[in-house]
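Participant: What follows is start34.txt; its format and atoms are compact mmCIF, C-alpha atoms.
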```
# COMPACT_ATOMS: atom_id res chain seq x y z
CA MET A 1 7.67 -5.16 -22.58
CA THR A 2 5.13 -3.80 -20.12
CA MET A 3 1.54 -4.80 -19.44
CA GLN A 4 0.42 -1.63 -21.21
CA GLU A 5 2.40 -2.62 -24.30
CA LEU A 6 0.93 -6.11 -24.14
CA GLN A 7 -2.55 -4.61 -24.05
CA LYS A 8 -1.89 -2.27 -26.99
CA SER A 9 -0.39 -5.02 -29.13
CA TRP A 10 -3.09 -7.61 -28.45
CA GLU A 11 -4.89 -9.15 -31.41
CA ASP A 12 -7.11 -12.20 -31.51
CA THR A 13 -5.30 -13.84 -34.40
CA GLU A 14 -3.44 -17.10 -34.77
CA GLN A 15 -0.27 -15.22 -35.70
CA TYR A 16 -0.40 -13.01 -32.61
CA HIS A 17 -1.07 -15.83 -30.15
CA LYS A 18 1.79 -17.85 -31.59
CA HIS A 19 4.15 -14.86 -31.59
CA ILE A 20 3.46 -13.74 -28.01
CA HIS A 21 3.85 -17.26 -26.65
CA GLU A 22 7.10 -17.91 -28.50
CA SER A 23 8.60 -14.52 -27.68
CA PHE A 24 7.76 -14.94 -23.98
CA VAL A 25 9.37 -18.41 -23.98
CA GLU A 26 12.52 -16.79 -25.36
CA GLU A 27 12.48 -14.24 -22.54
CA VAL A 28 12.13 -17.01 -19.94
CA ASN A 29 15.00 -18.96 -21.45
CA LYS A 30 17.25 -15.88 -21.34
CA ASP A 31 16.51 -15.25 -17.65
CA GLU A 32 18.63 -17.49 -15.42
CA PHE A 33 16.14 -17.80 -12.57
CA LEU A 34 12.99 -18.04 -14.68
CA ASN A 35 14.59 -20.73 -16.79
CA GLU A 36 15.87 -22.73 -13.82
CA HIS A 37 12.60 -22.41 -11.90
CA ARG A 38 10.45 -23.51 -14.82
CA THR A 39 12.80 -26.36 -15.72
CA PHE A 40 12.57 -27.69 -12.17
CA VAL A 41 8.77 -27.47 -12.33
CA GLU A 42 8.64 -29.30 -15.65
CA GLN A 43 11.11 -32.04 -14.74
CA ASN A 44 9.53 -32.75 -11.34
CA ILE A 45 5.86 -32.16 -12.27
CA PHE A 46 5.52 -29.31 -9.79
CA GLY A 47 3.03 -27.42 -11.93
CA PHE A 48 1.34 -27.10 -15.28
CA GLY A 49 0.72 -24.26 -17.71
CA GLU A 50 3.17 -22.95 -20.25
CA ARG A 51 6.79 -21.86 -19.97
CA SER A 52 5.73 -18.47 -21.40
CA PHE A 53 3.63 -17.79 -18.30
CA GLN A 54 6.75 -17.16 -16.21
CA TYR A 55 7.43 -13.99 -18.20
CA LEU A 56 3.82 -12.87 -18.02
CA TRP A 57 4.01 -13.06 -14.24
CA LYS A 58 7.17 -10.95 -14.37
CA LEU A 59 5.30 -8.24 -16.30
CA ILE A 60 2.43 -8.31 -13.80
CA VAL A 61 4.73 -8.04 -10.78
CA ASP A 62 6.54 -5.16 -12.51
CA GLU A 63 3.23 -3.26 -12.27
CA MET A 64 2.98 -3.69 -8.50
CA PRO A 65 3.63 -1.06 -5.83
CA SER A 66 6.50 -1.49 -3.39
CA ASP A 67 4.25 -3.50 -1.06
CA PHE A 68 1.54 -5.69 -2.55
CA SER A 69 -0.58 -8.74 -1.88
CA PHE A 70 -1.24 -11.86 -3.93
CA ILE A 71 -3.79 -14.66 -3.55
CA GLU A 72 -3.99 -17.86 -5.56
CA LEU A 73 -6.94 -20.24 -5.81
CA GLY A 74 -5.54 -23.71 -6.42
CA VAL A 75 -1.91 -23.70 -5.29
CA PHE A 76 -1.05 -27.30 -6.28
CA LYS A 77 2.69 -27.63 -5.51
CA GLY A 78 3.55 -23.94 -5.32
CA GLN A 79 4.90 -23.03 -8.75
CA ILE A 80 3.31 -19.58 -8.92
CA LEU A 81 3.31 -18.94 -5.18
CA SER A 82 7.10 -19.31 -5.12
CA LEU A 83 7.64 -17.43 -8.38
CA ILE A 84 5.77 -14.35 -7.14
CA GLN A 85 8.07 -14.04 -4.12
CA VAL A 86 11.24 -14.10 -6.18
CA LEU A 87 9.89 -11.68 -8.79
CA ALA A 88 8.96 -9.30 -6.00
CA SER A 89 12.19 -9.52 -4.03
CA ARG A 90 14.51 -9.13 -6.98
CA THR A 91 12.82 -5.83 -7.87
CA GLY A 92 12.92 -4.52 -4.29
CA ARG A 93 9.24 -5.22 -3.62
CA SER A 94 7.61 -6.84 -0.63
CA VAL A 95 4.66 -9.20 -1.10
CA LYS A 96 2.19 -10.89 1.20
CA ARG A 97 1.20 -14.22 -0.33
CA TYR A 98 -1.95 -16.21 0.29
CA GLY A 99 -3.26 -19.43 -1.15
CA VAL A 100 -6.63 -21.15 -1.06
CA THR A 101 -6.11 -24.85 -1.68
CA PRO A 102 -7.36 -28.21 -0.38
CA LEU A 103 -3.92 -29.89 -0.09
CA ASP A 104 -5.52 -33.20 -1.04
CA THR A 105 -6.84 -35.09 -4.07
CA SER A 106 -9.83 -32.79 -4.59
CA GLY A 107 -10.34 -31.99 -8.26
CA ASP A 108 -9.03 -35.39 -9.37
CA MET A 109 -5.46 -34.65 -8.31
CA TRP A 110 -3.13 -37.56 -7.61
CA GLU A 111 -1.93 -38.50 -4.15
CA SER A 112 0.85 -36.29 -2.83
CA ASP A 113 1.88 -34.42 0.29
CA TYR A 114 1.10 -31.03 -1.20
CA GLU A 115 2.06 -29.08 1.89
CA ALA A 116 5.50 -30.70 1.82
CA ASP A 117 5.75 -30.16 -1.94
CA ILE A 118 5.15 -26.43 -1.60
CA ALA A 119 7.76 -26.22 1.16
CA ARG A 120 10.24 -28.30 -0.88
CA LEU A 121 9.98 -25.97 -3.88
CA HIS A 122 10.61 -22.95 -1.67
CA ASP A 123 13.55 -24.64 0.03
CA TYR A 124 15.11 -25.73 -3.26
CA PHE A 125 15.31 -22.10 -4.43
CA PHE A 126 15.99 -20.65 -0.96
CA ILE A 127 12.69 -18.77 -0.98
CA PRO A 128 11.23 -17.73 2.40
CA LYS A 129 8.18 -19.78 3.40
CA ASP A 130 6.28 -16.73 4.63
CA TYR A 131 3.03 -17.53 2.80
CA THR A 132 -0.37 -18.20 4.34
CA LEU A 133 -2.49 -21.12 3.14
CA TYR A 134 -6.22 -21.28 3.71
CA VAL A 135 -6.71 -25.03 3.54
CA GLY A 136 -10.03 -26.21 2.19
CA SER A 137 -12.51 -25.61 -0.61
CA SER A 138 -12.60 -22.14 -2.12
CA HIS A 139 -16.40 -22.35 -1.81
CA ASP A 140 -16.40 -23.03 1.93
CA PRO A 141 -17.89 -19.97 3.71
CA VAL A 142 -15.20 -20.25 6.40
CA ILE A 143 -12.43 -20.11 3.76
CA ILE A 144 -14.12 -17.24 1.92
CA GLU A 145 -14.32 -15.29 5.18
CA LYS A 146 -10.64 -15.90 5.91
CA ALA A 147 -9.73 -14.64 2.43
CA TYR A 148 -11.96 -11.63 2.91
CA GLN A 149 -10.22 -10.75 6.18
CA THR A 150 -6.85 -10.42 4.40
CA SER A 151 -8.26 -8.58 1.39
CA PRO A 152 -8.10 -6.46 -0.68
CA TYR A 153 -5.49 -7.99 -2.96
CA ASP A 154 -3.35 -6.52 -5.73
CA ILE A 155 -3.39 -9.80 -7.67
CA LEU A 156 -5.92 -12.64 -7.72
CA TYR A 157 -5.01 -15.80 -9.61
CA VAL A 158 -7.97 -18.11 -10.32
CA ASP A 159 -6.84 -21.67 -11.06
CA GLY A 160 -9.02 -23.76 -8.77
CA ASP A 161 -12.28 -25.55 -9.48
CA HIS A 162 -12.49 -26.20 -13.24
CA SER A 163 -16.19 -27.03 -13.40
CA TYR A 164 -18.53 -24.36 -14.75
CA GLU A 165 -20.29 -23.88 -11.43
CA GLY A 166 -17.04 -23.93 -9.48
CA ALA A 167 -15.15 -21.51 -11.71
CA LEU A 168 -18.10 -19.11 -11.79
CA ALA A 169 -18.39 -19.27 -8.00
CA ASP A 170 -14.68 -18.53 -7.60
CA LEU A 171 -15.00 -15.45 -9.79
CA ASN A 172 -18.14 -14.27 -8.02
CA TYR A 173 -16.73 -14.83 -4.52
CA TYR A 174 -13.16 -13.61 -4.93
CA ALA A 175 -13.02 -11.02 -7.73
CA PRO A 176 -14.63 -8.40 -5.42
CA PHE A 177 -11.60 -8.85 -3.15
CA VAL A 178 -9.29 -7.29 -5.78
CA LYS A 179 -8.26 -3.67 -5.25
CA ARG A 180 -9.17 -0.97 -7.74
CA GLY A 181 -6.24 -1.03 -10.13
CA GLY A 182 -5.43 -4.62 -9.20
CA PHE A 183 -5.15 -7.58 -11.55
CA LEU A 184 -7.32 -10.65 -12.02
CA VAL A 185 -5.57 -13.56 -13.75
CA ILE A 186 -7.78 -16.43 -14.97
CA ASP A 187 -6.25 -19.70 -16.10
CA ASP A 188 -7.63 -22.27 -18.59
CA CYS A 189 -10.25 -19.87 -19.96
CA ASN A 190 -9.58 -19.04 -23.62
CA ASN A 191 -11.49 -21.54 -25.75
CA ASP A 192 -13.25 -18.53 -27.28
CA LEU A 193 -10.07 -17.15 -28.89
CA ASN A 194 -8.53 -17.84 -32.30
CA PHE A 195 -5.54 -20.08 -31.68
CA PRO A 196 -3.59 -22.09 -34.24
CA SER A 197 -5.33 -25.38 -34.99
CA SER A 198 -2.57 -27.48 -33.42
CA GLY A 199 0.09 -27.15 -30.76
CA PHE A 200 -1.88 -24.91 -28.37
CA PHE A 201 -3.96 -25.79 -25.32
CA CYS A 202 -6.47 -22.94 -25.21
CA GLY A 203 -8.31 -23.88 -22.04
CA ILE A 204 -11.15 -25.87 -20.53
CA GLN A 205 -14.57 -25.18 -22.00
CA PRO A 206 -16.52 -25.02 -18.70
CA VAL A 207 -13.99 -22.50 -17.34
CA THR A 208 -14.27 -20.44 -20.53
CA ASP A 209 -18.05 -20.54 -20.28
CA ALA A 210 -17.85 -19.39 -16.66
CA LYS A 211 -15.53 -16.52 -17.64
CA ILE A 212 -17.93 -15.40 -20.36
CA LYS A 213 -20.94 -15.58 -18.04
CA TRP A 214 -19.11 -13.69 -15.30
CA LEU A 215 -18.00 -10.97 -17.72
CA GLU A 216 -21.58 -10.56 -18.96
CA GLN A 217 -22.53 -9.61 -15.41
CA ASN A 218 -19.37 -7.83 -14.25
CA GLY A 219 -17.33 -6.88 -17.31
CA ASP A 220 -17.95 -3.14 -17.01
CA ASP A 221 -15.82 -3.15 -13.86
CA TRP A 222 -12.81 -4.76 -15.56
CA GLU A 223 -10.41 -3.89 -18.38
CA PHE A 224 -8.98 -6.69 -20.53
CA TYR A 225 -5.19 -6.52 -20.73
CA GLY A 226 -4.46 -9.51 -22.91
CA ASN A 227 -3.75 -13.21 -22.83
CA VAL A 228 -0.88 -15.62 -23.18
CA VAL A 229 -2.20 -18.95 -24.45
CA HIS A 230 -4.87 -20.05 -21.94
CA ILE A 231 -4.33 -17.31 -19.32
CA SER A 232 -6.26 -14.03 -19.54
CA VAL A 233 -5.52 -10.89 -17.52
CA TYR A 234 -7.95 -8.19 -16.41
CA LYS A 235 -7.42 -5.00 -14.45
CA ARG A 236 -10.06 -3.66 -12.08
CA LYS A 237 -11.15 -0.15 -12.98
```
Is it possible to express this structure as structure tokens?
Facilitator:
Amino acid sequence: MTMQELQKSWEDTEQYHKHIHESFVEEVNKDEFLNEHRTFVEQNIFGFGERSFQYLWKLIVDEMPSDFSFIELGVFKGQILSLIQVLASRTGRSVKRYGVTPLDTSGDMWESDYEADIARLHDYFFIPKDYTLYVGSSHDPVIIEKAYQTSPYDILYVDGDHSYEGALADLNYYAPFVKRGGFLVIDDCNNDLNFPSSGFFCGIQPVTDAKIKWLEQNGDDWEFYGNVVHISVYKRK
């Protein structure tokens, strides 16, 4: 599958959402690295989200040019940051990776040495630690300026502040840093879609509300490409 095929097939129905999630899980389980990487994350609590997301990220990276850039808001322990590098390198691509993250208990996270966790995950899978972390709040003007200086980006992943005000601010501050033709990936934002009544986590309502508000003001500049469970993907026109 390609991102274009995902977009063409998209339907906001319970049957579709269930099918796309389950079929993507199958693809992850068939892929030796994706399966091993996600299993490590699950068993060691190195990230959240769904197993199906690993395959979605593969499809997004498959759309990238030979050299591209990626920035993540809310790195946690490095699940996606590490995954992007492997997906790039195994298709002959080069990626510059950036993360905006507090590396502490901000956002009600438990105590952990997050910097060491991110390094450990990279070391476990022999992934180069050539990422750049902007340590602090995504709303700090100093951090925003640092992110601006390394923009524009081919991919922006928003998974940081999950309050309404925080999620809306992240979209307002960072979405303009995405290149024309680049992708915006928003996590935890699909409470407005028609999921099966049980077995699916569709998102966090304040994040969904922030997405809707942001799209009301900026949607004409973005094309919806689809969703997998609580992640939605948009491409900048």
Participant: Would you mind listing what lies within 12 Å of Ile45 in chain A as a list in words, with all atoms listed in the file counted and same-chain residues fewer than 6 positions away left out?
Facilitator: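 Residues meeting the cut-off are His37, Arg38, Thr39, Phe76, Lys77, Gly78, Gln79, Trp110, Ser112, Asp117 and Leu121 of chain A.
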Participant: Let's have the selection written as a PDB file, in the coordinates of the input, with C-alpha atoms.
Facilitator:
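Contents of again02.pdb, as written:
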```
ATOM      1  CA  HIS A  37      12.600 -22.410 -11.900  1.00  0.00           C
ATOM      2  CA  ARG A  38      10.450 -23.510 -14.820  1.00  0.00           C
ATOM      3  CA  THR A  39      12.800 -26.360 -15.720  1.00  0.00           C
ATOM      4  CA  PHE A  76      -1.050 -27.300  -6.280  1.00  0.00           C
ATOM      5  CA  LYS A  77       2.690 -27.630  -5.510  1.00  0.00           C
ATOM      6  CA  GLY A  78       3.550 -23.940  -5.320  1.00  0.00           C
ATOM      7  CA  GLN A  79       4.900 -23.030  -8.750  1.00  0.00           C
ATOM      8  CA  TRP A 110      -3.130 -37.560  -7.610  1.00  0.00           C
ATOM      9  CA  SER A 112       0.850 -36.290  -2.830  1.00  0.00           C
ATOM     10  CA  ASP A 117       5.750 -30.160  -1.940  1.00  0.00           C
ATOM     11  CA  LEU A 121       9.980 -25.970  -3.880  1.00  0.00           C
TER      12      LEU A 121
END
```
Participant: Extract, using only C-alpha atoms, all DNA, RNA and protein residues at most 10 Å from Thr13 in chain A, discarding same-chain residues fewer than 2 positions from it, and format them as a list of chain:residue names.
Facilitator: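 Counting only C-alpha atoms, the residues come to A:Trp10, A:Glu11, A:Gln15, A:Tyr16, A:His17, A:Lys18, A:His19, A:Leu193, A:Asn194, A:Phe195, A:Pro196.
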Participant: Ranking A:Gly74, A:Pro176, A:Pro152, A:Gly199 by minimum distance to Ser137 in chain A and counting all atoms listed in the file, which one comes first?
Facilitator: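 Between A:Gly74, A:Pro176, A:Pro152, A:Gly199, the residue approaching Ser137 in chain A most closely is A:Gly74.
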Participant: Would you mind telling me which residue in A:Phe224, A:Phe24, A:Tyr114, A:Tyr148 lies nearest to Lys179 in chain A when using only C-alpha atoms?
Facilitator: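 Between A:Phe224, A:Phe24, A:Tyr114, A:Tyr148, the residue approaching Lys179 in chain A most closely is A:Tyr148.
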Participant: Could you jot down the CA of Ser163 in chain A to CA of Tyr98 in chain A separation for me, Å, one decimal place?
Facilitator: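 These two atoms are separated by 22.5 Å.
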Participant: Find the spatial neighbours of Ile127 in chain A, counting only C-alpha atoms, within a cut-off of 10 Å - ignore same-chain residues fewer than 4 positions away - and output them as a PyMOL selection string.
Facilitator: chain A and resi 82-83+85-86+89+119-123
Participant: Tell me, in Å to one decimal, how far CA of Gly160 in chain A is from CA of Leu73 in chain A.
Facilitator: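 Computing it gives 5.0 Å between the two atoms.
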Participant: Which of these, A:Met3, A:Ile71, A:Val100, A:Leu215, has the shortest distance to Phe177 in chain A once you count only C-alpha atoms?
Facilitator: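 Closest to Phe177 in chain A of all the choices is A:Ile71.
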Participant: For a test of reading the model, state the distance in Å between CA of Lys96 in chain A and CA of Gly219 in chain A, rounded to one decimal.
Facilitator: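 Pair CA of Lys96 in chain A / CA of Gly219 in chain A returns 27.2 Å.
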Participant: Using only C-alpha atoms, find each residue of range 113-191 of chain A with at least one atom at most 9 Å away from an atom of range 47-64 of chain A; report its shortest atom-to-atom pair and that distance in Å (one decimal), sort the rows by chain and rising residue number, and return the result as a tab-separated table.
Facilitator:
```
residue	atom	partner	partner_atom	distance
A:Asp154	CA	A:Met64	CA	7.5
A:Ile155	CA	A:Ile60	CA	8.6
A:Gly182	CA	A:Met64	CA	8.5
A:Phe183	CA	A:Ile60	CA	7.9
A:Asp187	CA	A:Gly49	CA	8.5
A:Asp188	CA	A:Gly49	CA	8.6
```
Participant: Taking only C-alpha atoms into account, name the residue in A:Leu103, A:Ala175, A:Val28, A:Val75 that is nearest to Tyr131 in chain A.
Facilitator: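 Of A:Leu103, A:Ala175, A:Val28, A:Val75, the one nearest Tyr131 in chain A, counting only C-alpha atoms, is A:Val75.
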Participant: Each side padded by 5 Å, which centre and which edge lengths in Å (one decimal) define the axis-aligned box around the listed atoms of range 225-229 of chain A? Give them as AutoDock Vina command-line options.
Facilitator:
```
--center_x -3.0 --center_y -12.7 --center_z -22.6 --size_x 14.3 --size_y 22.4 --size_z 13.7
```
Participant: For a quick check of understanding, using all atoms listed in the file, which of A:Glu72, A:Asp209, A:Asp221, A:Glu36 has the smallest distance to Asn191 in chain A?
Facilitator: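 Result for the nearest residue to Asn191 in chain A: A:Asp209.
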Participant: Taking all atoms listed in the file into account, which of A:Asp140, A:Glu22, A:Asp113, A:Asp159 comes nearest Gly99 in chain A?
Facilitator: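 Using all atoms listed in the file, Gly99 in chain A sits closest to A:Asp159.
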Participant: Give as number ranges by chain each residue that has an atom at most 7 Å from (-7.4, -29.1, 2.2) in the file, counting all atoms listed in the file.
Facilitator: A: 101-104, 135-137
